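Quick look at protein09.txt (compact mmCIF, C-alpha atoms):
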```
# COMPACT_ATOMS: atom_id res chain seq x y z
CA MET V 1 2.29 14.30 -22.39
CA SER V 2 0.27 14.71 -25.57
CA ALA V 3 -3.06 16.50 -25.76
CA SER V 4 -4.72 13.10 -26.19
CA ALA V 5 -3.06 11.75 -23.05
CA ASN V 6 -4.05 14.82 -21.03
CA HIS V 7 -7.59 14.34 -22.29
CA GLN V 8 -7.55 10.72 -21.05
CA VAL V 9 -6.31 11.81 -17.63
CA LEU V 10 -9.02 14.46 -17.45
CA ASN V 11 -11.70 11.95 -18.47
CA ALA V 12 -10.56 9.52 -15.76
CA PHE V 13 -10.49 12.33 -13.19
CA VAL V 14 -14.00 13.47 -14.07
CA ARG V 15 -15.34 9.91 -14.08
CA ALA V 16 -13.88 9.13 -10.65
CA ARG V 17 -15.31 12.35 -9.23
CA TRP V 18 -18.67 11.61 -10.86
CA LEU V 19 -18.71 8.13 -9.30
CA ALA V 20 -17.89 9.65 -5.91
CA VAL V 21 -21.00 11.83 -6.23
CA THR V 22 -23.40 9.29 -7.72
CA LEU V 23 -22.48 6.12 -5.80
CA ARG V 24 -23.99 6.93 -2.42
CA SER V 25 -25.22 3.52 -1.24
CA ARG V 26 -24.01 -0.06 -1.19
CA ARG V 27 -26.86 -0.93 -3.53
CA SER V 28 -25.79 1.59 -6.18
CA LEU V 29 -22.18 0.51 -5.75
CA ARG V 30 -23.06 -3.16 -6.31
CA ALA V 31 -25.04 -2.26 -9.44
CA HIS V 32 -22.03 -0.32 -10.75
CA GLN V 33 -19.71 -3.25 -10.00
CA ASP V 34 -22.06 -5.69 -11.73
CA GLN V 35 -22.04 -3.55 -14.87
CA GLY V 36 -18.25 -3.25 -14.78
CA LEU V 37 -17.78 -6.97 -14.23
CA THR V 38 -20.12 -7.79 -17.13
CA ARG V 39 -18.05 -5.64 -19.50
CA TRP V 40 -14.84 -7.10 -18.09
CA CYS V 41 -16.11 -10.68 -18.62
CA ASP V 42 -16.97 -9.85 -22.24
CA HIS V 43 -13.43 -8.55 -22.74
CA VAL V 44 -11.88 -11.69 -21.21
CA ARG V 45 -13.94 -13.95 -23.47
CA GLU V 46 -12.82 -11.98 -26.53
CA SER V 47 -9.16 -11.33 -25.70
CA PHE V 48 -8.35 -14.30 -23.45
CA PRO V 49 -10.39 -17.18 -24.92
CA HIS V 50 -8.26 -19.71 -23.02
CA HIS V 51 -9.75 -18.36 -19.75
CA ASP V 52 -13.32 -18.66 -18.52
CA PRO V 53 -14.02 -15.38 -16.65
CA ASP V 54 -16.72 -17.04 -14.56
CA THR V 55 -14.29 -19.51 -13.01
CA LEU V 56 -10.90 -17.83 -13.48
CA THR V 57 -8.89 -17.76 -10.25
CA MET V 58 -5.35 -16.42 -10.01
CA SER V 59 -2.47 -16.46 -7.57
CA LYS V 60 0.97 -14.89 -7.54
CA PRO V 61 2.79 -18.22 -8.13
CA ALA V 62 0.47 -19.06 -11.04
CA LEU V 63 0.86 -15.59 -12.52
CA MET V 64 4.64 -15.65 -12.34
CA ALA V 65 4.86 -19.22 -13.64
CA ASN V 66 2.73 -18.46 -16.71
CA PHE V 67 2.85 -14.69 -17.04
CA SER V 68 2.08 -14.69 -20.76
CA ALA V 69 -1.34 -16.30 -20.19
CA TYR V 70 -2.56 -13.24 -18.28
CA ASN V 71 -1.61 -10.29 -20.48
CA GLN V 72 -3.03 -9.21 -23.77
CA GLU V 73 0.12 -9.51 -25.91
CA ARG V 74 1.24 -12.78 -24.29
CA LEU V 75 4.45 -11.25 -22.94
CA SER V 76 6.53 -13.68 -20.89
CA ALA V 77 7.99 -12.85 -17.49
CA ASP V 78 11.49 -13.04 -18.99
CA GLU V 79 10.57 -10.50 -21.68
CA VAL V 80 9.27 -8.15 -19.02
CA ARG V 81 12.37 -8.57 -16.82
CA LEU V 82 14.61 -7.69 -19.78
CA SER V 83 12.61 -4.47 -20.23
CA LEU V 84 12.62 -3.33 -16.60
CA ALA V 85 15.65 -1.05 -17.04
CA SER V 86 13.83 1.05 -19.63
CA GLY V 87 10.37 0.56 -18.12
CA ARG V 88 8.96 -0.08 -21.59
CA VAL V 89 8.03 -3.36 -23.24
CA HIS V 90 6.50 -1.63 -26.27
CA PRO V 91 6.15 2.04 -27.18
CA ASP V 92 2.72 2.17 -25.55
CA VAL V 93 3.16 -0.50 -22.83
CA SER V 94 5.03 0.04 -19.56
CA CYS V 95 6.30 -2.55 -17.12
CA GLY V 96 7.44 -2.60 -13.53
CA THR V 97 8.18 -4.75 -10.53
CA SER V 98 7.43 -4.86 -6.83
CA THR V 99 10.04 -4.19 -4.17
CA GLY V 100 10.14 -7.90 -3.32
CA THR V 101 9.28 -7.70 0.38
CA SER V 102 8.15 -11.31 0.42
CA GLY V 103 11.25 -12.48 -1.44
CA ASN V 104 9.43 -13.02 -4.72
CA ARG V 105 9.27 -9.89 -6.85
CA GLY V 106 6.04 -9.48 -8.75
CA LEU V 107 5.80 -8.05 -12.26
CA TYR V 108 3.17 -6.02 -14.02
CA VAL V 109 2.50 -4.62 -17.48
CA ILE V 110 0.16 -1.73 -18.17
CA SER V 111 -0.90 0.12 -21.28
CA ASP V 112 -0.48 3.87 -21.52
CA ALA V 113 -4.25 4.28 -21.62
CA GLU V 114 -4.48 2.47 -18.26
CA ARG V 115 -1.60 4.55 -16.85
CA TYR V 116 -3.51 7.73 -17.64
CA GLN V 117 -6.67 6.22 -16.18
CA TRP V 118 -4.73 5.37 -13.01
CA LEU V 119 -3.36 8.90 -12.80
CA GLY V 120 -6.75 10.54 -13.25
CA THR V 121 -8.31 8.23 -10.66
CA ILE V 122 -5.69 8.77 -7.97
CA LEU V 123 -5.78 12.53 -8.54
CA ALA V 124 -9.56 12.52 -8.13
CA LYS V 125 -9.28 10.62 -4.86
CA ALA V 126 -6.12 12.11 -3.34
CA LEU V 127 -5.82 15.62 -4.83
CA PRO V 128 -9.32 16.61 -5.97
CA ASP V 129 -8.33 20.29 -6.14
CA VAL V 130 -5.70 19.59 -8.81
CA TRP V 131 -7.87 21.20 -11.48
CA ARG V 132 -7.55 24.52 -9.62
CA ARG V 133 -3.86 24.44 -8.71
CA ARG V 134 -0.76 22.76 -10.08
CA HIS V 135 0.63 20.49 -7.38
CA ARG V 136 4.26 19.65 -6.79
CA VAL V 137 4.25 16.01 -5.67
CA ALA V 138 7.26 14.39 -4.03
CA VAL V 139 7.29 10.58 -4.10
CA ILE V 140 9.85 8.85 -1.86
CA LEU V 141 9.77 5.11 -2.48
CA PRO V 142 12.27 2.31 -3.12
CA GLN V 143 11.11 1.66 -6.68
CA ASN V 144 10.40 4.18 -9.43
CA SER V 145 7.52 3.43 -11.74
CA ALA V 146 6.06 4.42 -15.06
CA LEU V 147 2.94 5.29 -13.09
CA TYR V 148 4.73 8.14 -11.31
CA GLN V 149 6.37 9.20 -14.58
CA ALA V 150 2.90 9.58 -16.08
CA GLY V 151 2.18 12.14 -13.39
CA ASN V 152 5.23 14.19 -14.31
CA GLN V 153 4.10 14.27 -17.93
CA SER V 154 0.77 15.80 -16.97
CA ARG V 155 0.09 19.53 -17.21
CA TRP V 156 -1.55 19.36 -13.77
CA LEU V 157 1.44 18.06 -11.84
CA GLN V 158 5.13 18.35 -11.27
CA VAL V 159 6.31 15.04 -9.82
CA GLN V 160 9.75 14.43 -8.36
CA PHE V 161 10.80 10.89 -7.43
CA TYR V 162 13.40 10.30 -4.72
CA ASP V 163 14.92 6.85 -4.35
CA LEU V 164 14.44 5.77 -0.76
CA ARG V 165 17.41 3.39 -1.00
CA ASP V 166 19.85 6.25 -1.59
CA GLY V 167 19.22 7.55 1.92
CA PRO V 168 18.21 11.06 2.98
CA GLU V 169 21.73 12.42 2.73
CA GLN V 170 21.33 12.13 -1.06
CA TRP V 171 17.90 13.73 -1.44
CA ALA V 172 16.82 15.63 1.70
CA ASP V 173 18.17 19.01 0.56
CA GLN V 174 16.69 18.52 -2.92
CA LEU V 175 13.35 17.67 -1.35
CA VAL V 176 13.29 20.85 0.72
CA ALA V 177 14.27 22.90 -2.35
CA PHE V 178 11.45 21.28 -4.34
CA ALA V 179 8.97 22.47 -1.67
CA PRO V 180 6.31 19.85 -2.41
CA THR V 181 2.65 20.66 -1.94
CA ALA V 182 1.99 16.91 -1.60
CA LEU V 183 4.26 14.27 -0.13
CA VAL V 184 3.97 10.48 -0.56
CA ALA V 185 6.34 8.22 1.37
CA PRO V 186 6.48 5.25 3.76
CA PRO V 187 5.65 6.18 7.35
CA LYS V 188 9.23 5.60 8.49
CA VAL V 189 10.41 8.25 6.00
CA LEU V 190 7.67 10.69 6.94
CA ARG V 191 8.62 10.24 10.57
CA TRP V 192 12.31 10.80 9.80
CA LEU V 193 11.39 13.99 7.96
CA ALA V 194 9.18 15.04 10.86
CA GLU V 195 12.07 14.63 13.29
CA ASN V 196 14.97 15.80 11.11
CA ALA V 197 13.92 17.98 8.17
CA ASP V 198 13.87 21.76 8.02
CA ARG V 199 10.11 22.14 8.35
CA GLN V 200 10.32 25.90 7.93
CA HIS V 201 10.76 25.15 4.24
CA LEU V 202 9.08 21.74 4.03
CA LYS V 203 5.37 22.51 4.34
CA PRO V 204 3.29 20.05 2.26
CA GLN V 205 -0.45 20.66 2.20
CA ARG V 206 -1.23 16.97 1.79
CA ILE V 207 0.75 14.03 3.23
CA PHE V 208 0.18 10.39 2.36
CA SER V 209 1.64 7.27 3.90
CA ALA V 210 2.30 4.45 1.42
CA ALA V 211 4.10 1.13 0.95
CA GLU V 212 4.25 0.10 4.63
CA THR V 213 1.96 -0.48 7.59
CA LEU V 214 1.03 2.81 9.27
CA GLU V 215 1.18 2.53 13.04
CA ALA V 216 -0.17 4.84 15.73
CA PRO V 217 3.17 6.12 17.14
CA ASP V 218 4.35 7.15 13.69
CA ARG V 219 1.04 8.83 12.86
CA ARG V 220 1.17 10.90 16.05
CA VAL V 221 4.71 12.14 15.40
CA ILE V 222 4.06 12.95 11.71
CA GLU V 223 0.78 14.77 12.24
CA ALA V 224 2.12 16.75 15.19
CA ALA V 225 5.23 17.83 13.30
CA PHE V 226 3.56 18.89 10.07
CA GLY V 227 0.25 20.02 11.52
CA ARG V 228 -1.59 18.08 8.83
CA GLN V 229 -3.87 15.07 8.77
CA LEU V 230 -2.00 12.05 7.45
CA GLY V 231 -3.75 10.18 4.66
CA GLN V 232 -2.97 6.78 3.22
CA ILE V 233 -2.54 5.40 -0.28
CA TYR V 234 -2.94 1.63 -0.33
CA MET V 235 -1.26 0.46 -3.52
CA ALA V 236 0.60 -2.65 -4.61
CA THR V 237 1.89 -4.30 -7.76
CA GLU V 238 -1.69 -5.48 -8.14
CA GLY V 239 -3.01 -1.92 -8.51
CA LEU V 240 -4.53 1.00 -6.61
CA LEU V 241 -6.50 -0.54 -3.73
CA GLY V 242 -7.37 2.30 -1.38
CA VAL V 243 -7.10 6.05 -0.73
CA SER V 244 -8.03 8.08 2.36
CA CYS V 245 -11.00 10.43 2.18
CA ARG V 246 -10.98 14.01 3.49
CA HIS V 247 -11.76 12.70 6.99
CA GLY V 248 -8.66 10.49 6.97
CA THR V 249 -10.51 7.18 6.59
CA LEU V 250 -8.95 4.69 4.18
CA HIS V 251 -11.55 3.53 1.64
CA LEU V 252 -11.08 0.60 -0.72
CA THR V 253 -11.36 1.42 -4.43
CA GLU V 254 -14.50 -0.65 -4.88
CA ASP V 255 -15.59 1.66 -7.69
CA PHE V 256 -12.88 0.04 -9.86
CA VAL V 257 -12.01 -3.21 -8.08
CA LYS V 258 -14.25 -6.01 -6.76
CA PHE V 259 -13.13 -7.06 -3.28
CA ASP V 260 -14.00 -10.40 -1.76
CA PHE V 261 -12.65 -11.37 1.63
CA GLU V 262 -11.27 -14.45 3.30
CA TRP V 263 -11.69 -14.07 7.04
CA VAL V 264 -8.58 -14.97 9.03
CA THR V 265 -10.09 -14.09 12.41
CA ASN V 266 -13.40 -12.56 13.50
CA THR V 267 -12.01 -9.09 12.81
CA LEU V 268 -9.24 -9.54 10.21
CA ALA V 269 -9.68 -10.39 6.55
CA THR V 270 -7.48 -10.95 3.51
CA PRO V 271 -8.74 -9.27 0.31
CA ILE V 272 -9.25 -11.21 -2.91
CA ILE V 273 -9.40 -8.77 -5.81
CA THR V 274 -10.81 -8.64 -9.31
CA ASP V 275 -9.83 -5.45 -11.12
CA PHE V 276 -12.61 -4.86 -13.63
CA SER V 277 -11.07 -1.54 -14.77
CA ARG V 278 -7.94 -3.12 -16.29
CA ARG V 279 -7.80 -4.82 -19.65
CA TYR V 280 -4.16 -5.32 -20.61
CA GLN V 281 -3.20 -7.60 -17.72
CA LEU V 282 -5.76 -9.70 -15.90
CA MET V 283 -6.21 -9.53 -12.15
CA ALA V 284 -9.02 -11.96 -11.31
CA ARG V 285 -9.93 -13.39 -7.90
CA TYR V 286 -6.36 -12.73 -6.85
CA PRO V 287 -5.61 -13.19 -3.13
CA MET V 288 -3.53 -10.46 -1.54
CA ASN V 289 -1.08 -11.06 1.29
CA ASP V 290 -2.43 -8.29 3.51
CA LEU V 291 -4.51 -8.42 6.67
CA LEU V 292 -7.18 -5.73 6.87
CA HIS V 293 -9.25 -4.68 9.86
CA LEU V 294 -12.45 -3.63 8.14
CA GLN V 295 -14.60 -0.91 9.66
CA ASP V 296 -18.21 -1.86 10.39
CA GLU V 297 -19.68 1.62 10.73
CA PRO V 298 -19.93 3.93 7.70
CA CYS V 299 -17.52 6.83 7.37
CA ARG V 300 -18.91 10.30 8.04
CA CYS V 301 -17.82 11.33 4.54
CA GLY V 302 -20.87 9.39 3.30
CA SER V 303 -18.99 7.19 0.83
CA PRO V 304 -20.32 3.63 0.47
CA LEU V 305 -16.82 2.37 -0.33
CA GLN V 306 -15.65 -0.09 2.33
CA ALA V 307 -13.76 1.71 5.10
CA VAL V 308 -10.62 0.13 6.55
CA ARG V 309 -9.79 0.72 10.19
CA GLU V 310 -6.23 -0.52 9.73
CA VAL V 311 -3.97 -2.37 7.34
CA VAL V 312 -2.69 -4.64 10.08
CA GLY V 313 0.20 -6.27 8.26
CA ARG V 314 0.98 -9.27 6.11
CA GLN V 315 -0.16 -12.86 6.35
CA ASP V 316 3.54 -13.77 6.12
CA ASP V 317 3.99 -12.13 9.51
CA VAL V 318 1.32 -14.01 11.39
CA PHE V 319 3.15 -15.87 14.15
CA TRP V 320 2.51 -19.60 14.53
CA PHE V 321 3.14 -21.62 17.67
CA GLY V 322 2.25 -25.15 16.64
CA THR V 323 -1.36 -24.76 15.49
CA THR V 324 -1.93 -21.51 17.42
CA MET V 325 -2.00 -18.34 15.33
CA VAL V 326 -1.19 -14.88 16.69
CA THR V 327 -1.76 -11.94 14.37
CA PRO V 328 0.50 -8.85 14.13
CA ASP V 329 -2.00 -6.46 15.74
CA ILE V 330 -2.03 -8.50 18.96
CA LEU V 331 1.76 -8.42 19.23
CA ARG V 332 2.01 -4.75 18.28
CA ASN V 333 -0.64 -3.64 20.78
CA ALA V 334 0.89 -5.75 23.57
CA VAL V 335 4.16 -3.83 23.26
CA LEU V 336 2.75 -0.35 22.64
CA ASN V 337 0.19 -0.61 25.44
CA ALA V 338 2.87 -1.61 27.94
CA ASP V 339 4.17 1.95 28.25
CA PRO V 340 3.33 5.23 26.47
CA THR V 341 7.02 6.08 25.98
CA ILE V 342 7.50 3.14 23.59
CA ASP V 343 7.40 4.53 20.06
CA ASP V 344 9.60 2.03 18.23
CA PHE V 345 10.24 -1.68 18.56
CA ARG V 346 10.55 -4.98 16.70
CA VAL V 347 9.01 -8.34 17.55
CA GLN V 348 10.50 -11.14 15.48
CA GLN V 349 9.76 -14.85 15.50
CA ARG V 350 12.68 -17.15 14.81
CA PRO V 351 12.20 -20.43 12.92
CA ASP V 352 12.42 -22.28 16.26
CA GLU V 353 9.39 -20.21 17.46
CA THR V 354 11.37 -18.21 20.04
CA LEU V 355 10.83 -14.45 19.94
CA LEU V 356 13.11 -11.45 19.83
CA LEU V 357 11.84 -8.26 21.47
CA CYS V 358 13.97 -5.38 20.19
CA LEU V 359 13.73 -2.03 21.97
CA PRO V 360 15.80 1.19 21.84
CA ASP V 361 18.62 1.59 24.33
CA SER V 362 17.08 4.91 25.39
CA LEU V 363 14.25 3.13 27.22
CA GLY V 364 14.83 2.45 30.91
CA ASP V 365 14.88 -1.00 32.50
CA ALA V 366 11.39 -0.56 33.95
CA VAL V 367 9.90 0.17 30.53
CA ARG V 368 11.74 -2.73 28.91
CA THR V 369 10.48 -5.08 31.66
CA SER V 370 6.94 -3.78 31.21
CA ALA V 371 7.08 -4.46 27.46
CA LEU V 372 8.45 -7.95 28.03
CA ASN V 373 5.72 -8.71 30.57
CA GLY V 374 3.01 -7.27 28.34
CA LEU V 375 4.08 -9.40 25.39
CA SER V 376 4.32 -12.53 27.55
CA ALA V 377 0.86 -11.91 29.02
CA ALA V 378 -0.73 -11.39 25.59
CA LEU V 379 0.71 -14.70 24.41
CA GLU V 380 -0.24 -16.57 27.56
CA ARG V 381 -3.86 -15.44 27.17
CA ARG V 382 -3.77 -17.42 23.93
CA GLY V 383 -2.20 -20.45 25.56
CA VAL V 384 1.31 -19.73 24.26
CA ARG V 385 4.35 -19.94 26.52
CA VAL V 386 7.53 -19.11 24.65
CA ASN V 387 11.04 -17.89 25.28
CA ILE V 388 11.28 -14.13 24.60
CA VAL V 389 14.79 -12.73 24.18
CA PRO V 390 15.12 -8.97 24.82
CA THR V 391 17.69 -7.30 22.62
CA ARG V 392 18.85 -3.91 21.34
CA LEU V 393 16.94 -2.32 18.48
CA GLU V 394 19.13 -1.80 15.42
CA THR V 395 17.87 0.77 12.89
CA ASP V 396 20.75 0.89 10.41
CA ASP V 397 18.56 -0.61 7.67
CA LEU V 398 15.86 2.07 7.92
CA PHE V 399 16.23 3.18 4.30
CA THR V 400 17.33 -0.08 2.68
CA ARG V 401 14.42 -2.39 3.46
CA LYS V 402 10.75 -2.17 4.35
CA LEU V 403 9.98 -1.48 7.97
CA ARG V 404 8.23 -4.48 9.52
CA ARG V 405 7.93 -4.08 13.26
CA VAL V 406 6.31 -7.50 13.54
CA GLU V 407 8.11 -10.04 11.38
CA ARG V 408 8.32 -13.80 11.10
CA LEU V 409 11.92 -14.61 10.22
CA ARG V 410 12.70 -17.33 7.70
CA GLY V 411 15.38 -19.92 8.20
```

Give the structure from this file in structure tokens form.
Amino acid sequence: MSASANHQVLNAFVRARWLAVTLRSRRSLRAHQDQGLTRWCDHVRESFPHHDPDTLTMSKPALMANFSAYNQERLSADEVRLSLASGRVHPDVSCGTSTGTSGNRGLYVISDAERYQWLGTILAKALPDVWRRRHRVAVILPQNSALYQAGNQSRWLQVQFYDLRDGPEQWADQLVAFAPTALVAPPKVLRWLAENADRQHLKPQRIFSAAETLEAPDRRVIEAAFGRQLGQIYMATEGLLGVSCRHGTLHLTEDFVKFDFEWVTNTLATPIITDFSRRYQLMARYPMNDLLHLQDEPCRCGSPLQAVREVVGRQDDVFWFGTTMVTPDILRNAVLNADPTIDDFRVQQRPDETLLLCLPDSLGDAVRTSALNGLSAALERRGVRVNIVPTRLETDDLFTRKLRRVERLRG
């Protein structure tokens, strides 16, 4: 990384830390957002005259159907796809794609200046001591990205990416030899490492869950094994959306992104985001597919950034029985609360609305019956009577697809 790039990373780091100190109330945060949105609107009017920033609303289908209308150099989706192998559309513009969990892979383009801004921001939020020590960061995810490569170019970090899809037999020994000081991976991988890795040599100081829903049984196993508080990084193709504070509370990145919410139930909301920190590709009033349980009370860290009690799951995995909706948290809690020995399961809804309850063979008949009864009772309290088919839990796909313990199957 050039001296100029390192300077940009440092500037972004300092700015994010400065905002963390100066934005101490919702009022000051809203004033900061208003200023950022005003500058962003001016940019849209100048660089995207075909869009009115005051009324612009986006969606994933609209973005993918007319990708060129939402990026500064009018790059088409096909042009970006042809550049994915190299990760570069232009010498100073990177591109990438989502893992395609929903069956429709999203695309993004980002300038190098924004990559360095992203890196400085995430370092300020996740590794604020990076200016005092050079961290070794291990990233275990199913999709490499120019964003992670930017970290490896920095003088503050050594970043090693491990492809989740290759399976641990390909990278576990390398990971232990790398001896990361910080580890970022999906909770299923962190749990596998907690139960299988040589922890005498794998002793990260910071651990972050990413890319999948973090559930209580996995958190307990991971934190107990490593003796460290587990943080979260909430990130998607759409950008950096949340990072845990030092107390372990996930906070939305409202200092860079405007979040509106569509309430799905009295407690669960879907975020609609406007990223006023990005310029190269627009992200305006863009509905996410996630369900968030927002926290009412402020976090003891004192940050005014919205705290999230739980990323519950995806809207795609809300179960429907006629016109009756049942959200993933209800189904998950019904199974986990049935017996404390249950620490893995799947609940899947078939297209005909019948359910599969998948549990490990190691659980006894009494526990399996308790889980079945608990799930039935939770549904009946919502007026739903449905056939539930108990079956054996298969885990062969642990490293080849995202873990979704509650999933609505497509036809």

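Proximity ranking of V:Ala113, V:Leu355, V:Ala236, V:Val189 relative to Ser4 in chain V places V:Ala113 first, based on only C-alpha atoms.
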
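Take the candidates V:Gln72, V:Thr391, V:Gln348, V:Asn333 and check each one against Gly374 in chain V using only C-alpha atoms; the shortest distance goes to V:Asn333.
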
Fill in: Polymer residues at most 12 Å from Ala216 in chain V, all atoms listed in the file, same-chain spacing of 6 or more positions, as a PyMOL selection string
chain V and resi 187-188+191+222-223+230+309-312+329+332-333+336-337+340+342-344

Keeping C-alpha atoms for every residue in the selection just given, could you write it to a file as a PDB file, in the coordinates of the input?
```pdb
ATOM      1  CA  PRO V 187       5.650   6.180   7.350  1.00  0.00           C
ATOM      2  CA  LYS V 188       9.230   5.600   8.490  1.00  0.00           C
ATOM      3  CA  ARG V 191       8.620  10.240  10.570  1.00  0.00           C
ATOM      4  CA  ILE V 222       4.060  12.950  11.710  1.00  0.00           C
ATOM      5  CA  GLU V 223       0.780  14.770  12.240  1.00  0.00           C
ATOM      6  CA  LEU V 230      -2.000  12.050   7.450  1.00  0.00           C
ATOM      7  CA  ARG V 309      -9.790   0.720  10.190  1.00  0.00           C
ATOM      8  CA  GLU V 310      -6.230  -0.520   9.730  1.00  0.00           C
ATOM      9  CA  VAL V 311      -3.970  -2.370   7.340  1.00  0.00           C
ATOM     10  CA  VAL V 312      -2.690  -4.640  10.080  1.00  0.00           C
ATOM     11  CA  ASP V 329      -2.000  -6.460  15.740  1.00  0.00           C
ATOM     12  CA  ARG V 332       2.010  -4.750  18.280  1.00  0.00           C
ATOM     13  CA  ASN V 333      -0.640  -3.640  20.780  1.00  0.00           C
ATOM     14  CA  LEU V 336       2.750  -0.350  22.640  1.00  0.00           C
ATOM     15  CA  ASN V 337       0.190  -0.610  25.440  1.00  0.00           C
ATOM     16  CA  PRO V 340       3.330   5.230  26.470  1.00  0.00           C
ATOM     17  CA  ILE V 342       7.500   3.140  23.590  1.00  0.00           C
ATOM     18  CA  ASP V 343       7.400   4.530  20.060  1.00  0.00           C
ATOM     19  CA  ASP V 344       9.600   2.030  18.230  1.00  0.00           C
TER      20      ASP V 344
END
```

Discussion item. Just want the 12 Å neighbourhood of Val386 in chain V, counted on all atoms listed in the file, with same-chain residues fewer than 3 positions away dropped. Output as a PyMOL selection string.
Written reply: chain V and resi 319-322+349-350+352-356+372+375-380+382-383+389

Once you have the residues from the selection above, write them out as an mmCIF file, in the frame of the given file, restricted to C-alpha atoms.
```cif
data_model
loop_
_atom_site.group_PDB
_atom_site.id
_atom_site.type_symbol
_atom_site.label_atom_id
_atom_site.label_comp_id
_atom_site.auth_asym_id
_atom_site.auth_seq_id
_atom_site.Cartn_x
_atom_site.Cartn_y
_atom_site.Cartn_z
ATOM 1 C CA PHE V 319 3.150 -15.870 14.150
ATOM 2 C CA TRP V 320 2.510 -19.600 14.530
ATOM 3 C CA PHE V 321 3.140 -21.620 17.670
ATOM 4 C CA GLY V 322 2.250 -25.150 16.640
ATOM 5 C CA GLN V 349 9.760 -14.850 15.500
ATOM 6 C CA ARG V 350 12.680 -17.150 14.810
ATOM 7 C CA ASP V 352 12.420 -22.280 16.260
ATOM 8 C CA GLU V 353 9.390 -20.210 17.460
ATOM 9 C CA THR V 354 11.370 -18.210 20.040
ATOM 10 C CA LEU V 355 10.830 -14.450 19.940
ATOM 11 C CA LEU V 356 13.110 -11.450 19.830
ATOM 12 C CA LEU V 372 8.450 -7.950 28.030
ATOM 13 C CA LEU V 375 4.080 -9.400 25.390
ATOM 14 C CA SER V 376 4.320 -12.530 27.550
ATOM 15 C CA ALA V 377 0.860 -11.910 29.020
ATOM 16 C CA ALA V 378 -0.730 -11.390 25.590
ATOM 17 C CA LEU V 379 0.710 -14.700 24.410
ATOM 18 C CA GLU V 380 -0.240 -16.570 27.560
ATOM 19 C CA ARG V 382 -3.770 -17.420 23.930
ATOM 20 C CA GLY V 383 -2.200 -20.450 25.560
ATOM 21 C CA VAL V 389 14.790 -12.730 24.180
#
```

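Of the listed residues (V:Leu82, V:Leu331, V:Leu190, V:Ala124), V:Ala124 comes nearest to Trp18 in chain V; the distances count all atoms listed in the file.
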
Fill in: Selected residue of minimal separation from Ala307 in chain V among V:Ser47, V:Asn266, V:Ser244, V:Ser362, counting all atoms listed in the file
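Of the candidates, the smallest distance to Ala307 in chain V is held by V:Ser244.
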
Discussion item. With distances taken over all atoms listed in the file, which residue among V:Val347, V:Leu123, V:Ala211, V:Ala371 lies nearest Gln143 in chain V?
Written reply: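 Among the listed residues, the smallest separation from Gln143 in chain V belongs to V:Ala211.
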
Practice prompt. Kindly give the distance, in Å, that separates CA of Gln229 in chain V and CA of His247 in chain V, rounded to a single decimal.
Written response: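 Answer for the CA of Gln229 in chain V to CA of His247 in chain V separation: 8.4 Å.
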
Worksheet item: At what distance in Å, to one decimal, does CA of Ala3 in chain V lie from CA of Gln117 in chain V?
Response: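 Separation of CA of Gln117 in chain V and CA of Ala3 in chain V: 14.5 Å.
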
Item to complete: Mind checking which residues fall within 8 Å of Ala12 in chain V, counting all atoms listed in the file, ignoring those fewer than 5 positions away in the same chain, and posting them as number ranges by chain?
Response: V: 116-121

Worksheet, complete the sentence: In Å and to one decimal, CA of Leu357 in chain V is distant from CA of Val335 in chain V by 9.0 Å

Worksheet item: For Val109 in chain V, which of V:Lys258, V:His201, V:Arg278, V:Arg410 is the closest residue, counting only C-alpha atoms?
Response: V:Arg278

Discussion item. Env of range 288-299 of chain V: 10 Å cut, atoms = all atoms listed in the file, seq-sep filter 6 positions within chain, self excluded. Answer as a PyMOL selection string.
Written reply: chain V and resi 59-60+102+213+236+238+245+247-252+261-273+305-318+327-329

Worksheet entry | Near-Arg136 in chain V list (10 Å; only C-alpha atoms; drop same-chain fewer than 6 positions) as a ChimeraX atom specification | /V:152,156-160,178-183,204

Complete the atom set of range 137-143 of chain V to N, CA and C atoms and return it as a PDB file, in the coordinates of the input.
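That gives us result.pdb:
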```
ATOM      1  N   VAL V 137       4.388  17.260  -6.426  1.00  0.00           N
ATOM      2  CA  VAL V 137       4.250  16.010  -5.670  1.00  0.00           C
ATOM      3  C   VAL V 137       5.609  15.346  -5.532  1.00  0.00           C
ATOM      4  N   ALA V 138       6.020  15.120  -4.308  1.00  0.00           N
ATOM      5  CA  ALA V 138       7.260  14.390  -4.030  1.00  0.00           C
ATOM      6  C   ALA V 138       6.898  12.953  -3.655  1.00  0.00           C
ATOM      7  N   VAL V 139       7.515  11.998  -4.354  1.00  0.00           N
ATOM      8  CA  VAL V 139       7.290  10.580  -4.100  1.00  0.00           C
ATOM      9  C   VAL V 139       8.618   9.986  -3.639  1.00  0.00           C
ATOM     10  N   ILE V 140       8.629   9.463  -2.414  1.00  0.00           N
ATOM     11  CA  ILE V 140       9.850   8.850  -1.860  1.00  0.00           C
ATOM     12  C   ILE V 140       9.553   7.378  -1.632  1.00  0.00           C
ATOM     13  N   LEU V 141      10.017   6.540  -2.540  1.00  0.00           N
ATOM     14  CA  LEU V 141       9.770   5.110  -2.480  1.00  0.00           C
ATOM     15  C   LEU V 141      10.996   4.360  -2.976  1.00  0.00           C
ATOM     16  N   PRO V 142      11.082   3.052  -2.705  1.00  0.00           N
ATOM     17  CA  PRO V 142      12.270   2.310  -3.120  1.00  0.00           C
ATOM     18  C   PRO V 142      12.261   1.856  -4.569  1.00  0.00           C
ATOM     19  N   GLN V 143      11.205   2.155  -5.308  1.00  0.00           N
ATOM     20  CA  GLN V 143      11.110   1.660  -6.680  1.00  0.00           C
ATOM     21  C   GLN V 143      10.380   2.699  -7.521  1.00  0.00           C
TER      22      GLN V 143
END
```
